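Shown below: data.txt, with compact mmCIF, N, CA and C atoms.
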```txt
# COMPACT_ATOMS: atom_id res chain seq x y z
N MET L 1 154.06 43.53 -5.53
CA MET L 1 154.88 42.36 -5.38
C MET L 1 156.12 42.54 -6.26
N ARG L 2 157.21 41.90 -5.81
CA ARG L 2 158.43 42.01 -6.60
C ARG L 2 159.25 40.73 -6.48
N ILE L 3 160.09 40.50 -7.48
CA ILE L 3 161.07 39.42 -7.42
C ILE L 3 162.20 39.94 -6.55
N ILE L 4 162.66 39.12 -5.61
CA ILE L 4 163.63 39.59 -4.63
C ILE L 4 165.07 39.56 -5.16
N SER L 5 165.45 38.47 -5.83
CA SER L 5 166.85 38.31 -6.20
C SER L 5 166.98 37.55 -7.51
N GLY L 6 168.20 37.51 -8.03
CA GLY L 6 168.47 36.77 -9.26
C GLY L 6 168.36 37.66 -10.48
N GLU L 7 168.24 37.01 -11.65
CA GLU L 7 168.24 37.73 -12.92
C GLU L 7 167.06 38.69 -13.07
N LEU L 8 165.96 38.41 -12.38
CA LEU L 8 164.77 39.26 -12.46
C LEU L 8 164.61 40.13 -11.21
N GLY L 9 165.60 40.12 -10.35
CA GLY L 9 165.53 40.83 -9.08
C GLY L 9 165.07 42.27 -9.24
N GLY L 10 164.09 42.67 -8.43
CA GLY L 10 163.56 44.02 -8.46
C GLY L 10 162.37 44.21 -9.39
N ARG L 11 162.15 43.26 -10.30
CA ARG L 11 161.02 43.37 -11.23
C ARG L 11 159.71 43.17 -10.47
N GLN L 12 158.71 43.93 -10.87
CA GLN L 12 157.39 43.88 -10.24
C GLN L 12 156.50 42.84 -10.93
N PHE L 13 155.57 42.27 -10.16
CA PHE L 13 154.54 41.41 -10.73
C PHE L 13 153.27 41.61 -9.94
N GLU L 14 152.15 41.16 -10.52
CA GLU L 14 150.83 41.39 -9.93
C GLU L 14 150.46 40.30 -8.93
N ALA L 15 149.64 40.69 -7.98
CA ALA L 15 148.95 39.73 -7.11
C ALA L 15 147.52 39.61 -7.63
N PRO L 16 146.92 38.43 -7.55
CA PRO L 16 145.53 38.29 -7.99
C PRO L 16 144.60 39.19 -7.18
N PRO L 17 143.51 39.65 -7.79
CA PRO L 17 142.57 40.51 -7.07
C PRO L 17 141.83 39.75 -5.98
N GLY L 18 141.36 40.47 -4.99
CA GLY L 18 140.53 39.88 -3.95
C GLY L 18 141.34 39.26 -2.81
N GLU L 19 140.62 38.66 -1.89
CA GLU L 19 141.22 38.08 -0.69
C GLU L 19 141.47 36.58 -0.81
N GLY L 20 141.07 35.97 -1.94
CA GLY L 20 141.19 34.52 -2.09
C GLY L 20 142.61 34.02 -2.24
N THR L 21 143.51 34.88 -2.70
CA THR L 21 144.91 34.51 -2.89
C THR L 21 145.77 35.48 -2.11
N ARG L 22 146.66 34.94 -1.30
CA ARG L 22 147.54 35.79 -0.50
C ARG L 22 148.98 35.38 -0.74
N PRO L 23 149.70 36.06 -1.66
CA PRO L 23 151.09 35.70 -1.95
C PRO L 23 151.99 35.83 -0.72
N LEU L 24 153.03 35.00 -0.70
CA LEU L 24 153.98 35.07 0.41
C LEU L 24 154.60 36.46 0.49
N LEU L 25 154.77 36.94 1.69
CA LEU L 25 155.43 38.22 1.91
C LEU L 25 156.89 38.12 1.47
N ASP L 26 157.47 39.25 1.08
CA ASP L 26 158.87 39.28 0.64
C ASP L 26 159.80 38.66 1.69
N ARG L 27 159.59 38.98 2.95
CA ARG L 27 160.51 38.47 3.97
C ARG L 27 160.41 36.96 4.14
N VAL L 28 159.23 36.40 3.91
CA VAL L 28 159.07 34.95 4.00
C VAL L 28 159.74 34.28 2.80
N ARG L 29 159.53 34.84 1.60
CA ARG L 29 160.21 34.30 0.41
C ARG L 29 161.72 34.42 0.54
N THR L 30 162.20 35.52 1.10
CA THR L 30 163.64 35.69 1.30
C THR L 30 164.17 34.58 2.20
N ALA L 31 163.51 34.34 3.31
CA ALA L 31 163.94 33.29 4.24
C ALA L 31 163.91 31.91 3.58
N LEU L 32 162.84 31.64 2.85
CA LEU L 32 162.70 30.35 2.16
C LEU L 32 163.83 30.14 1.16
N PHE L 33 164.09 31.13 0.33
CA PHE L 33 165.11 30.97 -0.71
C PHE L 33 166.52 31.06 -0.14
N ASP L 34 166.72 31.75 0.95
CA ASP L 34 168.02 31.71 1.63
C ASP L 34 168.29 30.30 2.12
N TRP L 35 167.26 29.65 2.64
CA TRP L 35 167.39 28.28 3.14
C TRP L 35 167.65 27.31 1.99
N LEU L 36 166.94 27.48 0.87
CA LEU L 36 167.13 26.59 -0.28
C LEU L 36 168.50 26.78 -0.94
N GLY L 37 168.97 28.01 -0.96
CA GLY L 37 170.30 28.31 -1.50
C GLY L 37 170.53 27.78 -2.90
N ALA L 38 171.66 27.10 -3.09
CA ALA L 38 172.08 26.62 -4.40
C ALA L 38 171.21 25.49 -4.94
N LYS L 39 170.35 24.92 -4.12
CA LYS L 39 169.46 23.84 -4.60
C LYS L 39 168.52 24.32 -5.71
N VAL L 40 168.32 25.62 -5.79
CA VAL L 40 167.40 26.18 -6.78
C VAL L 40 168.03 26.17 -8.18
N GLU L 41 169.32 26.33 -8.27
CA GLU L 41 169.99 26.40 -9.56
C GLU L 41 169.77 25.12 -10.35
N ASP L 42 169.29 25.26 -11.58
CA ASP L 42 169.03 24.17 -12.51
C ASP L 42 167.94 23.20 -12.03
N ALA L 43 167.14 23.61 -11.08
CA ALA L 43 166.09 22.74 -10.52
C ALA L 43 164.86 22.73 -11.41
N ARG L 44 164.12 21.62 -11.32
CA ARG L 44 162.78 21.52 -11.89
C ARG L 44 161.82 21.78 -10.73
N VAL L 45 161.00 22.82 -10.87
CA VAL L 45 160.15 23.30 -9.78
C VAL L 45 158.68 23.09 -10.12
N LEU L 46 157.94 22.58 -9.16
CA LEU L 46 156.49 22.43 -9.27
C LEU L 46 155.86 23.36 -8.24
N ASP L 47 155.05 24.31 -8.71
CA ASP L 47 154.41 25.29 -7.83
C ASP L 47 152.91 24.98 -7.79
N LEU L 48 152.49 24.24 -6.76
CA LEU L 48 151.09 23.88 -6.58
C LEU L 48 150.36 25.05 -5.93
N TYR L 49 149.08 25.23 -6.24
CA TYR L 49 148.31 26.38 -5.73
C TYR L 49 149.09 27.66 -6.04
N ALA L 50 149.49 27.83 -7.28
CA ALA L 50 150.47 28.85 -7.67
C ALA L 50 150.03 30.28 -7.40
N GLY L 51 148.74 30.59 -7.51
CA GLY L 51 148.31 31.97 -7.27
C GLY L 51 149.00 32.92 -8.22
N SER L 52 149.74 33.89 -7.70
CA SER L 52 150.48 34.86 -8.51
C SER L 52 151.72 34.24 -9.14
N GLY L 53 152.15 33.09 -8.62
CA GLY L 53 153.38 32.46 -9.09
C GLY L 53 154.61 32.93 -8.36
N SER L 54 154.45 33.60 -7.24
CA SER L 54 155.58 34.23 -6.56
C SER L 54 156.73 33.27 -6.26
N GLN L 55 156.42 32.07 -5.84
CA GLN L 55 157.49 31.13 -5.47
C GLN L 55 158.20 30.56 -6.71
N GLY L 56 157.42 30.13 -7.69
CA GLY L 56 158.02 29.60 -8.91
C GLY L 56 158.76 30.66 -9.70
N LEU L 57 158.22 31.88 -9.75
CA LEU L 57 158.90 32.97 -10.45
C LEU L 57 160.21 33.33 -9.76
N GLU L 58 160.19 33.35 -8.44
CA GLU L 58 161.43 33.61 -7.70
C GLU L 58 162.46 32.53 -8.00
N ALA L 59 162.01 31.27 -8.07
CA ALA L 59 162.92 30.16 -8.38
C ALA L 59 163.52 30.33 -9.79
N LEU L 60 162.69 30.69 -10.76
CA LEU L 60 163.20 30.92 -12.11
C LEU L 60 164.23 32.05 -12.12
N SER L 61 163.95 33.11 -11.39
CA SER L 61 164.88 34.23 -11.31
C SER L 61 166.22 33.81 -10.72
N ARG L 62 166.18 32.84 -9.81
CA ARG L 62 167.40 32.38 -9.14
C ARG L 62 168.05 31.19 -9.83
N GLY L 63 167.62 30.91 -11.06
CA GLY L 63 168.33 29.92 -11.87
C GLY L 63 167.67 28.57 -12.05
N ALA L 64 166.43 28.41 -11.63
CA ALA L 64 165.74 27.14 -11.87
C ALA L 64 165.62 26.91 -13.38
N ARG L 65 165.72 25.67 -13.78
CA ARG L 65 165.66 25.30 -15.20
C ARG L 65 164.24 25.40 -15.74
N HIS L 66 163.26 24.98 -14.94
CA HIS L 66 161.87 24.93 -15.39
C HIS L 66 160.95 25.05 -14.19
N ALA L 67 159.81 25.70 -14.39
CA ALA L 67 158.77 25.75 -13.34
C ALA L 67 157.43 25.43 -13.97
N ARG L 68 156.70 24.57 -13.30
CA ARG L 68 155.33 24.23 -13.71
C ARG L 68 154.41 24.78 -12.63
N PHE L 69 153.46 25.61 -13.05
CA PHE L 69 152.54 26.28 -12.14
C PHE L 69 151.16 25.65 -12.28
N LEU L 70 150.57 25.21 -11.18
CA LEU L 70 149.21 24.68 -11.19
C LEU L 70 148.31 25.62 -10.42
N GLU L 71 147.25 26.03 -11.08
CA GLU L 71 146.28 26.94 -10.47
C GLU L 71 144.93 26.65 -11.09
N ARG L 72 143.85 26.62 -10.29
CA ARG L 72 142.54 26.38 -10.88
C ARG L 72 141.61 27.59 -10.83
N GLY L 73 141.90 28.58 -9.99
CA GLY L 73 141.05 29.77 -9.89
C GLY L 73 141.24 30.69 -11.07
N ALA L 74 140.16 31.05 -11.73
CA ALA L 74 140.24 31.87 -12.95
C ALA L 74 140.94 33.22 -12.75
N PRO L 75 140.60 34.01 -11.72
CA PRO L 75 141.28 35.30 -11.56
C PRO L 75 142.79 35.13 -11.30
N ALA L 76 143.15 34.17 -10.46
CA ALA L 76 144.57 33.94 -10.17
C ALA L 76 145.28 33.42 -11.41
N LEU L 77 144.64 32.54 -12.16
CA LEU L 77 145.23 31.99 -13.38
C LEU L 77 145.53 33.08 -14.40
N ALA L 78 144.59 34.00 -14.58
CA ALA L 78 144.80 35.11 -15.52
C ALA L 78 145.97 35.98 -15.07
N THR L 79 146.05 36.26 -13.78
CA THR L 79 147.16 37.05 -13.25
C THR L 79 148.48 36.32 -13.43
N LEU L 80 148.49 35.05 -13.13
CA LEU L 80 149.71 34.24 -13.27
C LEU L 80 150.21 34.24 -14.71
N LYS L 81 149.31 34.05 -15.66
CA LYS L 81 149.72 34.06 -17.08
C LYS L 81 150.30 35.42 -17.47
N ARG L 82 149.70 36.50 -16.98
CA ARG L 82 150.25 37.84 -17.26
C ARG L 82 151.64 37.99 -16.64
N ASN L 83 151.81 37.51 -15.42
CA ASN L 83 153.12 37.61 -14.75
C ASN L 83 154.20 36.87 -15.52
N VAL L 84 153.90 35.65 -15.96
CA VAL L 84 154.87 34.87 -16.73
C VAL L 84 155.24 35.60 -18.02
N ALA L 85 154.25 36.15 -18.70
CA ALA L 85 154.50 36.88 -19.95
C ALA L 85 155.28 38.17 -19.70
N GLU L 86 154.86 38.95 -18.70
CA GLU L 86 155.54 40.23 -18.41
C GLU L 86 157.00 40.03 -18.01
N LEU L 87 157.29 38.93 -17.33
CA LEU L 87 158.66 38.65 -16.91
C LEU L 87 159.45 37.89 -17.98
N ALA L 88 158.78 37.56 -19.09
CA ALA L 88 159.40 36.91 -20.25
C ALA L 88 160.10 35.60 -19.88
N VAL L 89 159.39 34.76 -19.13
CA VAL L 89 159.96 33.46 -18.75
C VAL L 89 159.15 32.30 -19.35
N GLU L 90 158.40 32.58 -20.41
CA GLU L 90 157.53 31.56 -21.02
C GLU L 90 158.28 30.31 -21.45
N GLU L 91 159.53 30.44 -21.89
CA GLU L 91 160.28 29.28 -22.36
C GLU L 91 160.64 28.32 -21.22
N ARG L 92 160.66 28.82 -20.00
CA ARG L 92 161.03 27.98 -18.85
C ARG L 92 159.86 27.72 -17.92
N ALA L 93 158.68 28.18 -18.30
CA ALA L 93 157.50 28.06 -17.43
C ALA L 93 156.36 27.40 -18.18
N ARG L 94 155.56 26.66 -17.44
CA ARG L 94 154.33 26.06 -17.99
C ARG L 94 153.23 26.32 -16.98
N VAL L 95 152.18 27.03 -17.41
CA VAL L 95 151.04 27.33 -16.55
C VAL L 95 149.92 26.38 -16.93
N VAL L 96 149.39 25.67 -15.92
CA VAL L 96 148.36 24.67 -16.16
C VAL L 96 147.17 24.97 -15.27
N ARG L 97 145.98 24.99 -15.89
CA ARG L 97 144.75 25.14 -15.09
C ARG L 97 144.29 23.75 -14.69
N ASN L 98 144.43 23.46 -13.41
CA ASN L 98 144.03 22.16 -12.91
C ASN L 98 144.10 22.19 -11.39
N ASP L 99 143.53 21.17 -10.80
CA ASP L 99 143.59 20.99 -9.36
C ASP L 99 145.00 20.58 -8.98
N ALA L 100 145.57 21.22 -7.99
CA ALA L 100 146.93 20.92 -7.57
C ALA L 100 147.10 19.49 -7.07
N LEU L 101 146.02 18.85 -6.65
CA LEU L 101 146.13 17.48 -6.14
C LEU L 101 145.96 16.43 -7.24
N SER L 102 145.77 16.84 -8.47
CA SER L 102 145.65 15.92 -9.59
C SER L 102 147.04 15.59 -10.11
N GLU L 103 147.54 14.40 -9.79
CA GLU L 103 148.90 14.04 -10.20
C GLU L 103 149.08 14.11 -11.71
N ARG L 104 148.03 13.82 -12.47
CA ARG L 104 148.12 13.90 -13.94
C ARG L 104 148.50 15.30 -14.39
N ALA L 105 148.15 16.31 -13.64
CA ALA L 105 148.47 17.69 -14.02
C ALA L 105 149.92 18.04 -13.72
N TRP L 106 150.62 17.19 -12.99
CA TRP L 106 151.99 17.49 -12.61
C TRP L 106 152.98 17.30 -13.75
N HIS L 107 152.59 16.56 -14.79
CA HIS L 107 153.52 16.22 -15.87
C HIS L 107 152.85 16.40 -17.23
N GLU L 108 153.66 16.64 -18.24
CA GLU L 108 153.18 16.63 -19.62
C GLU L 108 152.83 15.20 -19.97
N PRO L 109 151.77 14.96 -20.74
CA PRO L 109 151.35 13.59 -21.02
C PRO L 109 152.37 12.76 -21.79
N ASP L 110 153.15 13.38 -22.67
CA ASP L 110 154.05 12.61 -23.53
C ASP L 110 155.52 12.77 -23.17
N THR L 111 155.82 13.07 -21.92
CA THR L 111 157.22 13.27 -21.53
C THR L 111 157.60 12.29 -20.44
N ALA L 112 158.90 12.11 -20.30
CA ALA L 112 159.39 11.27 -19.20
C ALA L 112 159.03 11.94 -17.88
N ARG L 113 158.71 11.15 -16.91
CA ARG L 113 158.30 11.70 -15.62
C ARG L 113 159.52 11.90 -14.71
N GLU L 114 160.32 12.89 -15.08
CA GLU L 114 161.46 13.24 -14.23
C GLU L 114 160.93 13.70 -12.88
N PRO L 115 161.62 13.38 -11.82
CA PRO L 115 161.15 13.89 -10.51
C PRO L 115 161.36 15.39 -10.41
N TRP L 116 160.51 16.01 -9.61
CA TRP L 116 160.66 17.44 -9.34
C TRP L 116 161.73 17.61 -8.28
N ASP L 117 162.56 18.62 -8.44
CA ASP L 117 163.61 18.90 -7.46
C ASP L 117 163.05 19.66 -6.27
N ILE L 118 162.12 20.57 -6.55
CA ILE L 118 161.52 21.40 -5.50
C ILE L 118 160.02 21.48 -5.77
N VAL L 119 159.22 21.25 -4.74
CA VAL L 119 157.77 21.38 -4.85
C VAL L 119 157.30 22.38 -3.80
N PHE L 120 156.63 23.43 -4.28
CA PHE L 120 156.02 24.39 -3.38
C PHE L 120 154.55 24.04 -3.25
N CYS L 121 154.07 23.90 -2.04
CA CYS L 121 152.68 23.58 -1.80
C CYS L 121 152.17 24.52 -0.72
N ASP L 122 151.55 25.60 -1.14
CA ASP L 122 151.08 26.64 -0.23
C ASP L 122 149.61 26.91 -0.53
N PRO L 123 148.72 26.02 -0.06
CA PRO L 123 147.30 26.17 -0.39
C PRO L 123 146.69 27.41 0.26
N PRO L 124 145.61 27.90 -0.33
CA PRO L 124 144.92 29.05 0.27
C PRO L 124 144.27 28.64 1.60
N PHE L 125 144.08 29.62 2.42
CA PHE L 125 143.42 29.37 3.71
C PHE L 125 142.44 30.50 3.98
N ALA L 126 141.47 30.20 4.77
CA ALA L 126 140.47 31.23 5.11
C ALA L 126 141.10 32.32 5.96
N VAL L 127 140.70 33.56 5.69
CA VAL L 127 141.24 34.70 6.43
C VAL L 127 140.43 34.93 7.68
```
Could you take the file, read its structure, and then write that structure out as structure tokens?
Amino acid sequence: MRIISGELGGRQFEAPPGEGTRPLLDRVRTALFDWLGAKVEDARVLDLYAGSGSQGLEALSRGARHARFLERGAPALATLKRNVAELAVEERARVVRNDALSERAWHEPDTAREPWDIVFCDPPFAV
């Protein structure tokens, strides 16, 4: 897997092991981010069912201000944390182990509840 464009463009990252998580293909992410365009710059991004973090990491690379990643699967969560660290985006990223449908997990408990500018919701599906 790789970041397609932006400040981290070309950098590699891991996909979680096994068949339970299937990151978006490069061409799908390219189409998605071409469509989003400048909306990504300075955006607050929520990546539900984050898996490898491919969508949120791509957003950070393209200038998003902050990304919050929600993932509950242990293997995917471990991979996601490694990806955030390897790409050195810890200051702009928050990885949370929780159910993506738990609204309480969408925000820090003691912060203003600013709305998210972009929400990625790509749940896993059976193969």
Expressed in Å to a single decimal, how great is the separation between CA of His107 (chain L) and CA of Met1 (chain L)?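 Straight-line distance from CA of His107 (chain L) to CA of Met1 (chain L) works out to 28.2 Å.
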Which one of L:Leu24, L:Ala64, L:Ala59, L:Ile4 sits closest to Asp42 (chain L) if you count all atoms listed in the file? L:Ala64
I'd like to know which of L:Asn98, L:Phe69, L:Glu90, L:Thr21 is closest to Val45 (chain L), using all atoms listed in the file.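 With all atoms listed in the file as the atom set, the closest residue is L:Phe69.
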Picked from chain L by DSSP as helix (DSSP H, G or I), as an MDAnalysis selection string: chainID L and resid 26:40 54:61 74:86 90:92 103:106
Atom N of Thr30 (chain L) and atom N of Leu48 (chain L) are how many Å apart? 16.8 Å
Residue contacts of Glu103 (chain L) (12 Å, only C-alpha atoms) excluding same-chain residues fewer than 6 positions away, as an NGL selection string: :L and (46 or 48 or 70 or 109 or 113)
If you run DSSP on the backbone, which residues of region 1-48 of chain L are strand (DSSP E or B), as a VMD selection string? chain L and resid 2 12 44 to 48
For a quick check of understanding, using only C-alpha atoms, which of L:Phe125, L:Glu19, L:Glu14, L:Trp106 has the smallest distance to Asp47 (chain L)?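 Answer, going by the shortest atom-to-atom distance: L:Trp106.
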